[in-house]
Structures are given as C-alpha cells and as structure tokens.
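Novice: What follows is data-v1.pdb, PDB, C-alpha atoms.
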```pdb
ATOM      1  CA  MET A  23      84.985 106.018  77.070
ATOM      2  CA  ARG A  24      82.521 106.756  79.826
ATOM      3  CA  GLU A  25      79.331 108.701  80.072
ATOM      4  CA  ASN A  26      79.214 111.523  82.570
ATOM      5  CA  GLY A  27      79.178 110.160  86.083
ATOM      6  CA  GLY A  28      80.291 111.307  89.507
ATOM      7  CA  VAL A  29      83.423 110.022  91.165
ATOM      8  CA  THR A  30      84.467 110.112  94.761
ATOM      9  CA  SER A  31      87.244 112.265  96.103
ATOM     10  CA  ALA A  32      90.135 110.890  98.130
ATOM     11  CA  THR A  33      92.364 112.295 100.803
ATOM     12  CA  GLU A  34      95.283 109.857 100.482
ATOM     13  CA  GLN A  35      98.497 111.616  99.536
ATOM     14  CA  PRO A  36     100.401 110.246  96.565
ATOM     15  CA  GLY A  37     103.254 107.867  97.050
ATOM     16  CA  THR A  38     106.174 108.089  94.629
ATOM     17  CA  PRO A  39     107.767 104.688  93.930
ATOM     18  CA  SER A  40     111.454 104.817  93.161
ATOM     19  CA  ALA A  41     112.252 104.203  89.498
ATOM     20  CA  ALA A  42     115.372 102.617  88.043
ATOM     21  CA  LEU A  43     115.312 104.997  85.060
ATOM     22  CA  PRO A  44     114.216 108.638  84.794
ATOM     23  CA  PRO A  45     110.847 108.989  83.041
ATOM     24  CA  ARG A  46     110.829 109.810  79.334
ATOM     25  CA  LEU A  47     107.081 109.506  78.689
ATOM     26  CA  ILE A  48     103.931 110.190  80.697
ATOM     27  CA  ALA A  49     100.819 108.260  79.639
ATOM     28  CA  THR A  50      97.574 109.459  81.141
ATOM     29  CA  ASP A  51      93.953 108.504  80.861
ATOM     30  CA  LEU A  52      91.492 111.385  80.534
ATOM     31  CA  ASP A  53      88.033 110.893  82.101
ATOM     32  CA  GLY A  54      88.281 110.397  85.833
ATOM     33  CA  THR A  55      92.046 110.901  85.662
ATOM     34  CA  LEU A  56      93.420 114.005  83.942
ATOM     35  CA  LEU A  57      90.034 115.677  83.493
ATOM     36  CA  ARG A  58      88.030 116.973  86.413
ATOM     37  CA  ASP A  59      84.424 115.826  86.714
ATOM     38  CA  ASP A  60      83.287 118.872  84.733
ATOM     39  CA  LYS A  61      85.491 117.622  81.823
ATOM     40  CA  THR A  62      87.982 120.479  82.101
ATOM     41  CA  VAL A  63      91.752 120.472  82.494
ATOM     42  CA  SER A  64      92.674 122.577  85.507
ATOM     43  CA  PRO A  65      95.231 125.400  85.191
ATOM     44  CA  ARG A  66      97.532 123.490  87.534
ATOM     45  CA  THR A  67      97.393 120.413  85.312
ATOM     46  CA  VAL A  68      97.929 122.456  82.144
ATOM     47  CA  ALA A  69     101.054 123.942  83.730
ATOM     48  CA  ALA A  70     102.328 120.527  84.838
ATOM     49  CA  LEU A  71     101.882 119.027  81.360
ATOM     50  CA  ALA A  72     103.701 121.950  79.765
ATOM     51  CA  ALA A  73     106.529 121.683  82.305
ATOM     52  CA  ALA A  74     106.923 117.962  81.587
ATOM     53  CA  GLU A  75     107.180 118.575  77.849
ATOM     54  CA  GLU A  76     109.656 121.416  78.428
ATOM     55  CA  ALA A  77     111.763 119.014  80.497
ATOM     56  CA  GLY A  78     111.874 116.610  77.546
ATOM     57  CA  ILE A  79     109.237 114.163  78.816
ATOM     58  CA  GLU A  80     106.635 113.320  76.165
ATOM     59  CA  VAL A  81     102.997 113.317  77.272
ATOM     60  CA  PHE A  82     100.564 110.907  75.635
ATOM     61  CA  PHE A  83      96.826 110.990  76.251
ATOM     62  CA  VAL A  84      95.634 107.372  76.277
ATOM     63  CA  THR A  85      91.854 107.186  76.367
ATOM     64  CA  GLY A  86      88.767 105.202  75.520
ATOM     65  CA  ARG A  87      87.339 108.305  73.847
ATOM     66  CA  PRO A  88      86.950 108.429  70.079
ATOM     67  CA  ALA A  89      89.083 110.937  68.211
ATOM     68  CA  ARG A  90      86.159 113.314  67.683
ATOM     69  CA  TRP A  91      85.822 113.755  71.465
ATOM     70  CA  MET A  92      89.407 114.957  71.897
ATOM     71  CA  ASP A  93      88.731 118.682  71.636
ATOM     72  CA  VAL A  94      88.923 118.895  75.458
ATOM     73  CA  VAL A  95      92.696 118.317  75.303
ATOM     74  CA  SER A  96      93.677 118.969  71.672
ATOM     75  CA  GLU A  97      95.417 122.229  72.595
ATOM     76  CA  HIS A  98      97.585 120.431  75.158
ATOM     77  CA  VAL A  99      99.207 117.798  72.896
ATOM     78  CA  HIS A 100     102.319 119.953  72.395
ATOM     79  CA  GLY A 101     104.855 119.091  69.711
ATOM     80  CA  HIS A 102     104.091 115.509  68.729
ATOM     81  CA  GLY A 103     100.328 116.048  68.528
ATOM     82  CA  LEU A 104      99.503 112.385  69.047
ATOM     83  CA  ALA A 105      96.927 110.651  71.248
ATOM     84  CA  ILE A 106      95.909 107.024  71.660
ATOM     85  CA  CYS A 107      92.126 106.730  71.319
ATOM     86  CA  GLY A 108      89.495 104.006  71.519
ATOM     87  CA  ASN A 109      91.387 101.992  74.165
ATOM     88  CA  GLY A 110      94.310 101.518  71.793
ATOM     89  CA  ALA A 111      92.335 101.043  68.578
ATOM     90  CA  ALA A 112      93.784 104.213  67.020
ATOM     91  CA  VAL A 113      96.726 106.567  67.216
ATOM     92  CA  VAL A 114      95.515 109.992  66.139
ATOM     93  CA  ASP A 115      97.307 113.191  65.142
ATOM     94  CA  LEU A 116      95.262 116.004  66.688
ATOM     95  CA  HIS A 117      97.178 118.876  65.097
ATOM     96  CA  GLY A 118      94.330 119.683  62.711
ATOM     97  CA  GLY A 119      91.954 120.446  65.567
ATOM     98  CA  PRO A 120      88.415 119.115  66.139
ATOM     99  CA  GLY A 121      87.049 117.352  63.077
ATOM    100  CA  ALA A 122      90.372 117.505  61.202
ATOM    101  CA  HIS A 123      92.304 114.784  62.986
ATOM    102  CA  ARG A 124      94.385 112.231  61.070
ATOM    103  CA  PHE A 125      94.559 108.534  61.892
ATOM    104  CA  VAL A 126      98.217 107.533  62.135
ATOM    105  CA  LYS A 127      97.598 103.924  63.185
ATOM    106  CA  VAL A 128      94.397 101.858  63.242
ATOM    107  CA  ARG A 129      94.066  98.482  64.985
ATOM    108  CA  GLU A 130      90.640  97.367  63.920
ATOM    109  CA  LEU A 131      88.164  94.815  65.214
ATOM    110  CA  THR A 132      87.340  92.665  62.192
ATOM    111  CA  ARG A 133      83.679  92.391  61.304
ATOM    112  CA  ARG A 134      83.829  88.606  61.632
ATOM    113  CA  ASN A 135      85.179  88.840  65.178
ATOM    114  CA  ALA A 136      82.692  91.608  65.979
ATOM    115  CA  LEU A 137      79.747  89.525  64.772
ATOM    116  CA  ASP A 138      80.983  86.510  66.748
ATOM    117  CA  ALA A 139      81.294  88.658  69.879
ATOM    118  CA  VAL A 140      77.772  90.061  69.440
ATOM    119  CA  ARG A 141      76.333  86.559  69.025
ATOM    120  CA  LEU A 142      78.170  85.190  72.047
ATOM    121  CA  LEU A 143      77.166  88.118  74.251
ATOM    122  CA  ARG A 144      73.524  87.889  73.216
ATOM    123  CA  GLU A 145      73.578  84.223  74.239
ATOM    124  CA  ALA A 146      75.413  84.812  77.535
ATOM    125  CA  ALA A 147      73.581  87.992  78.585
ATOM    126  CA  PRO A 148      70.127  88.324  77.011
ATOM    127  CA  GLY A 149      69.024  91.940  76.854
ATOM    128  CA  THR A 150      72.449  93.261  75.843
ATOM    129  CA  VAL A 151      72.265  96.077  73.282
ATOM    130  CA  PHE A 152      75.086  97.304  71.069
ATOM    131  CA  ALA A 153      76.666 100.297  69.377
ATOM    132  CA  VAL A 154      79.448 100.318  66.803
ATOM    133  CA  GLU A 155      82.314 102.817  66.824
ATOM    134  CA  GLN A 156      84.179 103.318  63.539
ATOM    135  CA  THR A 157      86.921 105.714  62.511
ATOM    136  CA  TYR A 158      84.441 108.436  61.606
ATOM    137  CA  GLY A 159      81.003 106.929  62.237
ATOM    138  CA  PHE A 160      78.936 105.952  65.263
ATOM    139  CA  HIS A 161      75.972 103.592  64.848
ATOM    140  CA  GLN A 162      73.717 101.872  67.364
ATOM    141  CA  GLU A 163      70.804  99.551  67.865
ATOM    142  CA  PRO A 164      67.376 101.170  68.354
ATOM    143  CA  ASP A 165      67.192 100.089  72.025
ATOM    144  CA  TYR A 166      70.693 101.272  72.921
ATOM    145  CA  PRO A 167      70.221 104.060  75.510
ATOM    146  CA  LYS A 168      71.362 107.646  75.122
ATOM    147  CA  LEU A 169      74.675 107.326  76.936
ATOM    148  CA  HIS A 170      76.915 109.484  74.795
ATOM    149  CA  MET A 171      77.319 113.053  73.642
ATOM    150  CA  GLU A 172      76.057 112.604  70.101
ATOM    151  CA  ILE A 173      73.271 111.449  67.831
ATOM    152  CA  PRO A 174      74.029 108.125  66.103
ATOM    153  CA  ASP A 175      74.442 108.055  62.341
ATOM    154  CA  THR A 176      72.312 104.906  61.975
ATOM    155  CA  LEU A 177      69.791 102.886  64.008
ATOM    156  CA  LEU A 178      69.890  99.196  63.055
ATOM    157  CA  PRO A 179      70.455  95.789  64.711
ATOM    158  CA  ALA A 180      74.144  95.139  65.307
ATOM    159  CA  GLU A 181      74.162  92.272  62.823
ATOM    160  CA  GLU A 182      73.123  94.707  60.078
ATOM    161  CA  LEU A 183      75.522  97.398  61.251
ATOM    162  CA  LEU A 184      78.393  94.911  61.008
ATOM    163  CA  ALA A 185      77.345  93.284  57.734
ATOM    164  CA  PRO A 186      79.765  93.539  54.776
ATOM    165  CA  ASP A 187      77.359  95.982  53.143
ATOM    166  CA  GLY A 188      76.417  97.781  56.378
ATOM    167  CA  PRO A 189      76.683 101.529  57.039
ATOM    168  CA  ASP A 190      80.174 102.949  56.435
ATOM    169  CA  ALA A 191      81.336  99.494  55.378
ATOM    170  CA  ASP A 192      84.538 101.032  54.026
ATOM    171  CA  GLN A 193      85.544 102.231  57.497
ATOM    172  CA  PRO A 194      87.346 100.035  60.053
ATOM    173  CA  VAL A 195      85.460  99.087  63.208
ATOM    174  CA  LEU A 196      87.411 100.385  66.200
ATOM    175  CA  LYS A 197      85.259  98.919  68.937
ATOM    176  CA  ILE A 198      81.820  97.687  69.914
ATOM    177  CA  LEU A 199      79.949  99.037  72.912
ATOM    178  CA  ALA A 200      77.741  96.569  74.780
ATOM    179  CA  TYR A 201      75.240  97.778  77.374
ATOM    180  CA  HIS A 202      73.126  95.750  79.759
ATOM    181  CA  PRO A 203      70.279  97.452  81.638
ATOM    182  CA  SER A 204      70.391  95.429  84.847
ATOM    183  CA  LEU A 205      73.650  93.504  85.346
ATOM    184  CA  ASP A 206      76.299  94.625  87.816
ATOM    185  CA  PRO A 207      79.106  96.271  85.810
ATOM    186  CA  ASP A 208      81.927  94.089  87.142
ATOM    187  CA  ALA A 209      79.836  90.936  86.857
ATOM    188  CA  PHE A 210      78.974  91.840  83.264
ATOM    189  CA  LEU A 211      82.663  92.344  82.482
ATOM    190  CA  THR A 212      83.617  88.948  83.900
ATOM    191  CA  LEU A 213      80.739  87.225  82.107
ATOM    192  CA  ALA A 214      81.589  88.889  78.806
ATOM    193  CA  ARG A 215      85.269  88.006  78.967
ATOM    194  CA  LEU A 216      84.398  84.367  79.521
ATOM    195  CA  ALA A 217      81.786  84.357  76.762
ATOM    196  CA  VAL A 218      83.723  86.267  74.112
ATOM    197  CA  GLY A 219      87.068  84.567  74.697
ATOM    198  CA  ASP A 220      89.732  85.423  72.134
ATOM    199  CA  HIS A 221      87.308  86.969  69.624
ATOM    200  CA  ALA A 222      87.846  90.422  71.171
ATOM    201  CA  ASN A 223      89.463  92.251  74.057
ATOM    202  CA  VAL A 224      86.761  93.221  76.564
ATOM    203  CA  THR A 225      87.050  96.009  79.124
ATOM    204  CA  ARG A 226      85.079  98.856  80.666
ATOM    205  CA  SER A 227      85.548 102.478  81.689
ATOM    206  CA  SER A 228      81.996 103.404  82.632
ATOM    207  CA  PRO A 229      80.366 103.284  86.060
ATOM    208  CA  SER A 230      77.406 101.542  84.406
ATOM    209  CA  ALA A 231      77.212  98.105  82.758
ATOM    210  CA  LEU A 232      78.741  99.380  79.525
ATOM    211  CA  LEU A 233      81.520  97.288  78.018
ATOM    212  CA  GLU A 234      84.001  98.133  75.265
ATOM    213  CA  LEU A 235      85.162  95.436  72.852
ATOM    214  CA  SER A 236      88.290  95.912  70.739
ATOM    215  CA  GLY A 237      90.313  93.655  68.483
ATOM    216  CA  PRO A 238      92.131  90.703  70.081
ATOM    217  CA  GLY A 239      95.246  91.964  71.822
ATOM    218  CA  VAL A 240      94.256  95.617  71.381
ATOM    219  CA  SER A 241      94.509  97.623  74.588
ATOM    220  CA  LYS A 242      95.886 100.890  75.852
ATOM    221  CA  ALA A 243      99.007  99.025  76.936
ATOM    222  CA  SER A 244      99.735  97.231  73.664
ATOM    223  CA  THR A 245      99.338 100.352  71.519
ATOM    224  CA  LEU A 246     101.326 102.454  73.970
ATOM    225  CA  ALA A 247     104.077  99.819  73.813
ATOM    226  CA  LEU A 248     104.150 100.143  70.011
ATOM    227  CA  CYS A 249     104.417 103.937  70.234
ATOM    228  CA  CYS A 250     107.190 103.689  72.814
ATOM    229  CA  ALA A 251     109.118 101.146  70.753
ATOM    230  CA  GLU A 252     109.040 103.546  67.792
ATOM    231  CA  ARG A 253     110.683 106.142  70.052
ATOM    232  CA  GLY A 254     113.210 103.831  71.677
ATOM    233  CA  ILE A 255     111.487 104.210  75.042
ATOM    234  CA  SER A 256     111.354 101.218  77.389
ATOM    235  CA  HIS A 257     108.440 100.481  79.692
ATOM    236  CA  GLU A 258     110.685 101.314  82.673
ATOM    237  CA  GLU A 259     110.836 104.892  81.371
ATOM    238  CA  VAL A 260     107.037 105.321  81.300
ATOM    239  CA  VAL A 261     104.850 106.822  84.039
ATOM    240  CA  ALA A 262     101.133 106.007  83.650
ATOM    241  CA  PHE A 263      97.928 107.223  85.303
ATOM    242  CA  GLY A 264      94.413 105.738  85.311
ATOM    243  CA  ASP A 265      91.221 105.084  87.221
ATOM    244  CA  MET A 266      89.169 102.306  85.564
ATOM    245  CA  PRO A 267      89.555  98.679  84.403
ATOM    246  CA  ASN A 268      90.508  99.730  80.865
ATOM    247  CA  ASP A 269      93.669 101.235  82.404
ATOM    248  CA  VAL A 270      94.823  98.100  84.245
ATOM    249  CA  GLU A 271      97.060  96.663  81.489
ATOM    250  CA  MET A 272      98.724 100.038  80.915
ATOM    251  CA  LEU A 273      99.379 100.549  84.630
ATOM    252  CA  THR A 274     100.801  97.058  84.957
ATOM    253  CA  TRP A 275     103.073  97.557  81.935
ATOM    254  CA  ALA A 276     104.510 100.963  82.861
ATOM    255  CA  GLY A 277     107.609 101.269  85.028
ATOM    256  CA  GLN A 278     105.777 103.647  87.375
ATOM    257  CA  SER A 279     102.006 103.808  87.584
ATOM    258  CA  TYR A 280      99.467 105.666  89.676
ATOM    259  CA  ALA A 281      95.886 104.887  90.545
ATOM    260  CA  MET A 282      93.783 107.960  91.108
ATOM    261  CA  GLY A 283      92.203 108.518  94.508
ATOM    262  CA  ASN A 284      88.838 107.824  92.865
ATOM    263  CA  ALA A 285      90.058 104.647  91.114
ATOM    264  CA  HIS A 286      88.343 101.268  90.772
ATOM    265  CA  PRO A 287      89.769  98.650  93.193
ATOM    266  CA  ASP A 288      91.318  96.651  90.325
ATOM    267  CA  VAL A 289      93.234  99.758  89.275
ATOM    268  CA  VAL A 290      94.521 100.340  92.806
ATOM    269  CA  ALA A 291      95.730  96.735  92.893
ATOM    270  CA  ALA A 292      97.470  97.047  89.505
ATOM    271  CA  ALA A 293      99.281 100.352  90.054
ATOM    272  CA  SER A 294     102.633 100.754  91.771
ATOM    273  CA  GLY A 295     101.532 103.986  93.469
ATOM    274  CA  ARG A 296      98.499 106.075  94.272
ATOM    275  CA  THR A 297      97.743 109.753  93.916
ATOM    276  CA  VAL A 298      94.829 111.953  94.929
ATOM    277  CA  ALA A 299      91.575 112.170  92.983
ATOM    278  CA  ASN A 300      91.079 113.722  89.563
ATOM    279  CA  ASN A 301      89.262 116.707  91.079
ATOM    280  CA  ASP A 302      92.308 117.318  93.264
ATOM    281  CA  ASP A 303      94.735 117.376  90.292
ATOM    282  CA  GLY A 304      96.257 114.004  91.115
ATOM    283  CA  VAL A 305      98.191 113.781  87.831
ATOM    284  CA  ALA A 306      99.693 117.237  88.307
ATOM    285  CA  VAL A 307     100.701 116.415  91.896
ATOM    286  CA  VAL A 308     102.825 113.482  90.712
ATOM    287  CA  ILE A 309     104.311 115.289  87.692
ATOM    288  CA  GLU A 310     105.391 118.155  89.926
ATOM    289  CA  LYS A 311     107.168 115.700  92.251
ATOM    290  CA  LEU A 312     108.800 113.888  89.359
ATOM    291  CA  LEU A 313     110.155 117.116  87.931
ATOM    292  CA  ALA A 314     111.339 118.291  91.349
ATOM    293  CA  ASN A 315     113.238 115.008  91.787
ATOM    294  CA  ARG A 316     114.960 115.525  88.414
ATOM    295  CA  THR A 317     116.245 118.936  89.423
ATOM    296  CA  GLY A 318     116.754 118.321  93.110
TER     297      GLY A 318
END
```
Could you render the structure as structure tokens?

Specialist:
Amino acid sequence: MRENGGVTSATEQPGTPSAALPPRLIATDLDGTLLRDDKTVSPRTVAALAAAEEAGIEVFFVTGRPARWMDVVSEHVHGHGLAICGNGAAVVDLHGGPGAHRFVKVRELTRRNALDAVRLLREAAPGTVFAVEQTYGFHQEPDYPKLHMEIPDTLLPAEELLAPDGPDADQPVLKILAYHPSLDPDAFLTLARLAVGDHANVTRSSPSALLELSGPGVSKASTLALCCAERGISHEEVVAFGDMPNDVEMLTWAGQSYAMGNAHPDVVAAASGRTVANNDDGVAVVIEKLLANRTG
C-alpha cells in the first residue's frame, strides 16, 4: 500500500526472458505497476488483461492495498474474482463489488507478535508511529500522519489498539503500518527488519518511510504460492510484475518476472526482466508479447 506519490518514467524497452513453460498465471502489483500515476487502468491494459484471460491465463492482482481499496480494479477480475490484498495477508473475492467483498483466506498477524513488533520498533527507532489494518477496520495513533485515503475508525496508542479488548478485537489484524518522520525509507526498512526479527515480516511499498508489517512468513509470494498450488500451477508457469520492495519475493519466486521502468533498484535486481514504466503501460507491453509468442 502506498500513498499517492510520483514515479519516474523510463525509456528502456522490455526484455522477454525465455521460459521453460508457457505462462498459466499473471500476477501483478497495482500501484506503480498496473495502475498509472492517476490510479487508473489504461484502455490498453484493460484490453491486455482481457486477452490474457481469454487465452486461458489467469490474472491475479497482488497488492499491498486493503480489500476496500480494490474498486479501481474490481471490474477487471474476470471469472475467478480473486485478489491477494495486504501483501499476502488476505485472499479476497471481489465479485460483490466495493464494500461487499468476501475474505476467502486470512493470514493474520497475531496480537502478541504485533505488540512485540511495536515495542521493538519503538526501542530501535524512537518517533515511530503506528496504524493497524484489520479485515474491516483501520485504526491509528493520534500522531500518525494523514497518509491514506480514509478517516481512521479509532485514534489510540498502538498498545491499546492491539490489546485483547481493543477496537474490533474480534477481527484479525492483517498488518501494522509504521511511519517515521525523518529516517531514510531504505534505512528504516533495514533497521526494522533487524529489530523485529521473526516476530513479523517487514517490507515497504511507499516512497516515504512507511513500513508494512505482516505475520511471519506472510508475503505476496507465499500467498501467491498457496493460490497457485490450489490450481496445480507451478512457479515456472507464473509471470509477475512489480515496482517496490514488497514485490521482491514474488518476483524472485515467479518463473518470469518484470521490474517496471520506474522500479526500486532492489526490484530491478530481483526480476528476470524489465519493462517500461507504469505510465507507459509496461504490464500490457509484456502481456501483448507473451500472447503473440503463444500464437506465433
């Protein structure tokens, strides 16, 4: 999940690594990848997604966004209707439309692990402020800045938000958001991973020092692997797209993977190929080539 922020364009043309097996599933990030900077899906990309599905290739949106922010693509989920949200914390059926989604799979961050992570991050990076993302609720500390597209349900210290009797205590915690007002984003990520250890999986998708903490072992890659296993799809048959550190595991796992022209350097290093920027329809460019290779 990332707040609105500009990305750079790129002029590099996409390479297309050879694959041992024809693709059966396309997994794509949204912000900075499939979506243009204005948060729209271009007509060219809509057509490419539809063509992939018509050719028998499933398309999965794999995003840090919560389910309630999926209206931007809910009409493009085609037959299966599923998306992976919250960096792998949930598999969601979007068929019901905005506000009527159904959670198919939830991989929660336990409150004990969440509280341990908050304590360790406060010690390692004083000044860190937190928000808590649940299946249907969003809560934050009073000093957490207005980074997102909504008003929080509750303003309380994280320790109270995560208490056994805290707000929406009956709902699973999907992830914690941790923001620092002055640290370099990559430095904050490295520091947090060292501090939190195996209490949570720590990543980031924002251009600012905003981290996302999920349950241990929960990532886009691990949840995508579960969904693929249910369908009898191997990782060699997956083509993945991304632009930020929360995409690295998924790009490393997939048989073919593409860093966007506007991607973070770690993403470029992890991917097996590179396409043009999100504003230049980089996902569509690759899908069109893949489909042409199948029929050529």

Novice: Work out how far apart CA of Gln193 (chain A) and CA of Ser230 (chain A) are and give it in Å to one decimal.

Specialist: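 Separating CA of Gln193 (chain A) from CA of Ser230 (chain A) is a distance of 28.1 Å.
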
Novice: Name the residues within 8 Å of (95.9, 113.4, 66.1), counting all atoms listed in the file in the file's coordinates, and put them as a ChimeraX atom specification.

Specialist: /A:89,103-105,113-118,123-126

Novice: With the file shown as input, list the residues that the PyMOL selection byres ((chain A and resi 270-282) around 6) selects, as an MDAnalysis selection string.

Specialist: chainID A and resid 242:243 257:258 260:265 267:269 283:285 289:290 292:299

Novice: Go ahead and compute the interatomic distance for CA of Asp206 (chain A) and CA of Pro167 (chain A), in Å to one decimal.

Specialist: 16.7 Å

Novice: Which residues come within 10 Å of Ser241 (chain A), counting all atoms listed in the file, excluding same-chain residues fewer than 2 positions away, as a list of chain:residue names?

Specialist: A:Val84, A:Gly86, A:Ile106, A:Cys107, A:Gly108, A:Asn109, A:Gly110, A:Ala111, A:Arg129, A:Asn223, A:Val224, A:Thr225, A:Leu235, A:Ser236, A:Gly237, A:Pro238, A:Gly239, A:Ala243, A:Ser244, A:Thr245, A:Leu246, A:Ala247, A:Asn268, A:Asp269, A:Val270, A:Glu271, A:Met272

Novice: I'd like to know which of A:Glu252, A:Glu234, A:Asp138, A:Glu145 is closest to Ala185 (chain A), using all atoms listed in the file.

Specialist: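 Of A:Glu252, A:Glu234, A:Asp138, A:Glu145, the one nearest Ala185 (chain A) is A:Asp138, counting all atoms listed in the file.
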
Novice: Written as a count of residues only, which residues does the PyMOL selection byres ((chain A and resi 61-74) around 9) give for the file shown?

Specialist: 33

Novice: Any idea what the distance is between CA of Glu130 (chain A) and CA of Arg226 (chain A)?

Specialist: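 Value for the CA of Glu130 (chain A)-CA of Arg226 (chain A) distance: 17.7 Å.
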
Novice: From the set A:Ser227, A:Thr176, A:Thr150, A:Thr157, which residue has the shortest atom-to-atom contact distance to Pro203 (chain A), counting only C-alpha atoms?

Specialist: A:Thr150

Novice: Using all atoms listed in the file for the distances, tell me which of A:His161, A:Arg316, A:Arg133, A:Lys197 is nearest to Leu178 (chain A).

Specialist: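 Looking at the shortest contact to Leu178 (chain A), the residue is A:His161.
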
Novice: Check which residues satisfy the PyMOL selection byres ((chain A and resi 173) around 12) in the file shown, then give them as a list in words.

Specialist: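 Residues picked by the PyMOL selection byres ((chain A and resi 173) around 12): Ala153, Gly159, Phe160, His161, Gln162, Pro164, Tyr166, Pro167, Lys168, Leu169, His170, Met171, Glu172, Pro174, Asp175, Thr176 and Leu177 of chain A.
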
Novice: Need to verify the contact set: Asp190 (chain A), 9 Å, only C-alpha atoms, exclusion of same-chain residues closer than 4 positions in sequence. Can you return it as a list in words?

Specialist: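 Near neighbours after the sequence-gap exclusion: Gln156, Tyr158, Gly159, Leu183 and Pro194 of chain A.
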
Novice: Counting all atoms listed in the file, which residue out of A:Leu232, A:Phe82, A:Ala222, A:Leu216 sits closest to Val151 (chain A)?

Specialist: A:Leu232

Novice: In terms of the shortest atom-to-atom distance over all atoms listed in the file, which of A:Gly188, A:Leu43, A:Cys249, A:Ala147 is closest to Thr212 (chain A)?

Specialist: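 Residue with the minimum atom-to-atom distance to Thr212 (chain A): A:Ala147.
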